[in-house]
Amino acid sequence: MSFFPKISFQYEVEEYLTKVFRNNELITALGTQEAENKYQSLLSHLSHPPGFTTVRVNTHLASVKHVKKLLFEEIQKQFKGLCVPVLEHPKLQDILLIPVIGPRRDLKKHASEVIVGAQCGYAVLRGAHVYVPGIVSTSRFVKAGDLVSVYSDIEGKCKRGAKEFDGVKVFLGNGISELSRSEIFSSSGPLKGLGIRMIEPVYLSPSFDNVLPRHLFLQNLPSVVVSHILNPQPGEKILDMCAAPGGKTTHLATLMHDQGEVIAMDKIANKVKKIKQNAELLQLNCIKAFCYDGTRALSVEKREDKQEGPPFLPESFDRILLDAPCSGMGQRPNMAYSSTLKEVTSYQPLQRKLFTVAVKLLKPGGVLVYSTCTITLSENEEQVAWALKTFPCLQLHPQEPHIGGEGMKGAGLSLDQLKLLQRFDPSTVTLQGIDINSLQDCREDDLISLANKDCIGFFIAKFVKLNSK
């Protein structure tokens, strides 16, 4: 049962998505009613956070068992003795899963209100406290130490510094204000630091602010699966084409035991700086990060022998990860998707440019993994159909581990081809939430099975480049 309203889209985007999820192939396979039910279920799931927090252990520095023990102690401290399990995944042996408790429907709302921006609100639903830059407005007389109820302005219509807001807002839980209203909206400029310490969030997830920073990396479960599917080996030369903020980059380096070379590229300088910081924090030395546009990463001229960075000569890499820029519709939670149809449809041509470069940079016999965190056909299965038609040297390959479902019908791919793809579709589970009492009665296998499904929307395809003859 939904606790929040279904995700809303601009009218043109909603029309576009409705056609995607009512395409002829899908209707023929499922029937009109079943296809519609799946689509409506997906819209409900997208506005809620995933049922589990996933953390990847930096196995370069510590064992999973050791970090699991430290994390369990930390969660008990944060949750004041509540016994929430920390689970190891049988197929992804470098991650830990923590069930998210909620939604909690019995929280009392306070008279003093704090309104936060949508992105801040989504972070709160996944365990974060409220930091000052995320606060849009507060009640008139909020003082440091006050109990306040926190709401998300999901449509972005609240004016900064307003003393009250009657627009669409979603209750996120209760917290204690660390600052007064006048301090939050200080004329000397925006403050940094903690604004509201959440003590009764609607969804109870651990906060990872400065918690085991060298040993843990917060990642969505499918994002961890991607690196395992690429399966980099020690000594290989790997390219992560669109790498920021570096979660997959550092994972690839860890899987290679920090032996070989991981080239990470992103065209935004601040994001490249973040990749370098993460590599340093996790003590990984085989990562080289460059600020560069992936569509221009192929060199048409001879390179200097000592040149490390892009552009690169054809057939330079053993394996390539293209975690492509995308419309991001699979991210959860998201209650109001603001992009226009023009923006949504702008990603397919960009993805194809990047993909074309990736194919040329890949050695014969090499592996190319393509992934997105979106739900459309045009950025996922249609891209696979296009790639197989455009590049006869590419062959779809099975994925290991295969945890998500098969690809979605509608792009003209055969049933065998769809089975080789991996689409994580949160609509396949009932939206029910987890409470602390029912958690104690759940079998670990059932929880793992739920975590595999109740995650973000995501897509993965694995190609091998055949030897050129």
# chains A, B, ... in the order shown; residues from 1 in each chain; ligands from 1

call {"tool": "select_by_dssp", "arguments": {"residues": "region 61-288 of chain A", "states": "alpha helix (DSSP H)", "output": "PyMOL selection string"}}
result
chain A and resi 64-78+118-125+181-184+221-230+247-255+269-281

call {"tool": "select_by_dssp", "arguments": {"residues": "region 50-254 of chain A", "states": "strand (DSSP E or B)", "output": "PyMOL selection string"}}
result
chain A and resi 52-57+87-88+95-99+101-102+113-117+130-131+135-138+147-153+170-177+194-201+204+216-218+237-240

call {"tool": "closest_atom_pairs", "arguments": {"of": "region 47-161 of chain A", "to": "region 336-355 of chain A", "cutoff": "9 Å", "atoms": "only C-alpha atoms", "output": "CSV"}}
result
residue,atom,partner,partner_atom,distance
A:Ser47,CA,A:Ala336,CA,8.1
A:Ala118,CA,A:Ala336,CA,8.5
A:Ile154,CA,A:Ala336,CA,6.1
A:Glu155,CA,A:Ala336,CA,6.4

call {"tool": "closest_residue", "arguments": {"among": "A:Pro398, A:Gly410, A:Gly294, A:Gly457", "to": "Leu322 (chain A)", "atoms": "only C-alpha atoms"}}
result
A:Gly294

call {"tool": "residues_around", "arguments": {"residues": "region 39-46 of chain A", "least_positions_apart": "6", "cutoff": "7 Å", "atoms": "only C-alpha atoms", "output": "list of chain:residue names"}}
result
A:Ser2, A:Lys6, A:Ile7, A:Phe21, A:Gly330, A:Arg332, A:Pro333, A:Asn334, A:Pro426, A:Ser427, A:Leu431

call {"tool": "closest_residue", "arguments": {"among": "A:Gly405, A:Gly167, A:Pro49, A:Gly145", "to": "Asn452 (chain A)", "atoms": "only C-alpha atoms"}}
result
A:Gly405

call {"tool": "residues_around", "arguments": {"residues": "Glu74 (chain A)", "least_positions_apart": "2", "cutoff": "12 Å", "atoms": "only C-alpha atoms", "output": "ChimeraX atom specification"}}
result
/A:67-72,76-86,98,205-212

call {"tool": "atom_distance", "arguments": {"atom1": "CA of Leu221 (chain A)", "atom2": "CA of Ile456 (chain A)"}}
result
8.0 Å

call {"tool": "atom_distance", "arguments": {"atom1": "CA of Ser182 (chain A)", "atom2": "CA of Tyr203 (chain A)"}}
result
29.1 Å

call {"tool": "atom_distance", "arguments": {"atom1": "CA of Glu88 (chain A)", "atom2": "CA of Met256 (chain A)"}}
result
21.1 Å

call {"tool": "residues_around", "arguments": {"residues": "region 134-144 of chain A", "least_positions_apart": "5", "cutoff": "8 Å", "atoms": "only C-alpha atoms", "output": "number ranges by chain"}}
result
A: 112-117, 119-120, 158-164, 176-181, 184, 195

call {"tool": "write_last_selection", "arguments": {"atoms": "C-alpha atoms", "output": "short mmCIF file (atom, residue, chain, number, x, y, z; two decimals), in the first residue's frame"}}
result
data_model
loop_
_atom_site.label_atom_id
_atom_site.label_comp_id
_atom_site.auth_asym_id
_atom_site.auth_seq_id
_atom_site.Cartn_x
_atom_site.Cartn_y
_atom_site.Cartn_z
CA SER A 112 6.87 23.93 14.17
CA GLU A 113 7.63 23.01 10.57
CA VAL A 114 10.73 22.92 8.42
CA ILE A 115 10.41 22.66 4.63
CA VAL A 116 13.32 21.16 2.70
CA GLY A 117 14.02 20.88 -1.03
CA GLN A 119 16.65 16.36 -3.21
CA CYS A 120 17.31 16.93 0.49
CA CYS A 158 8.19 27.12 -1.63
CA LYS A 159 10.02 30.47 -1.50
CA ARG A 160 13.29 30.50 0.40
CA GLY A 161 12.86 31.97 3.86
CA ALA A 162 9.04 31.72 3.86
CA LYS A 163 7.46 31.55 7.34
CA GLU A 164 4.67 29.21 6.20
CA ILE A 176 15.61 18.57 16.54
CA SER A 177 16.71 21.90 15.09
CA GLU A 178 20.41 22.58 15.62
CA LEU A 179 19.99 26.28 14.75
CA SER A 180 17.49 29.09 15.07
CA ARG A 181 15.57 30.44 12.08
CA ILE A 184 19.59 29.32 9.13
CA GLY A 195 20.47 21.94 10.37
#
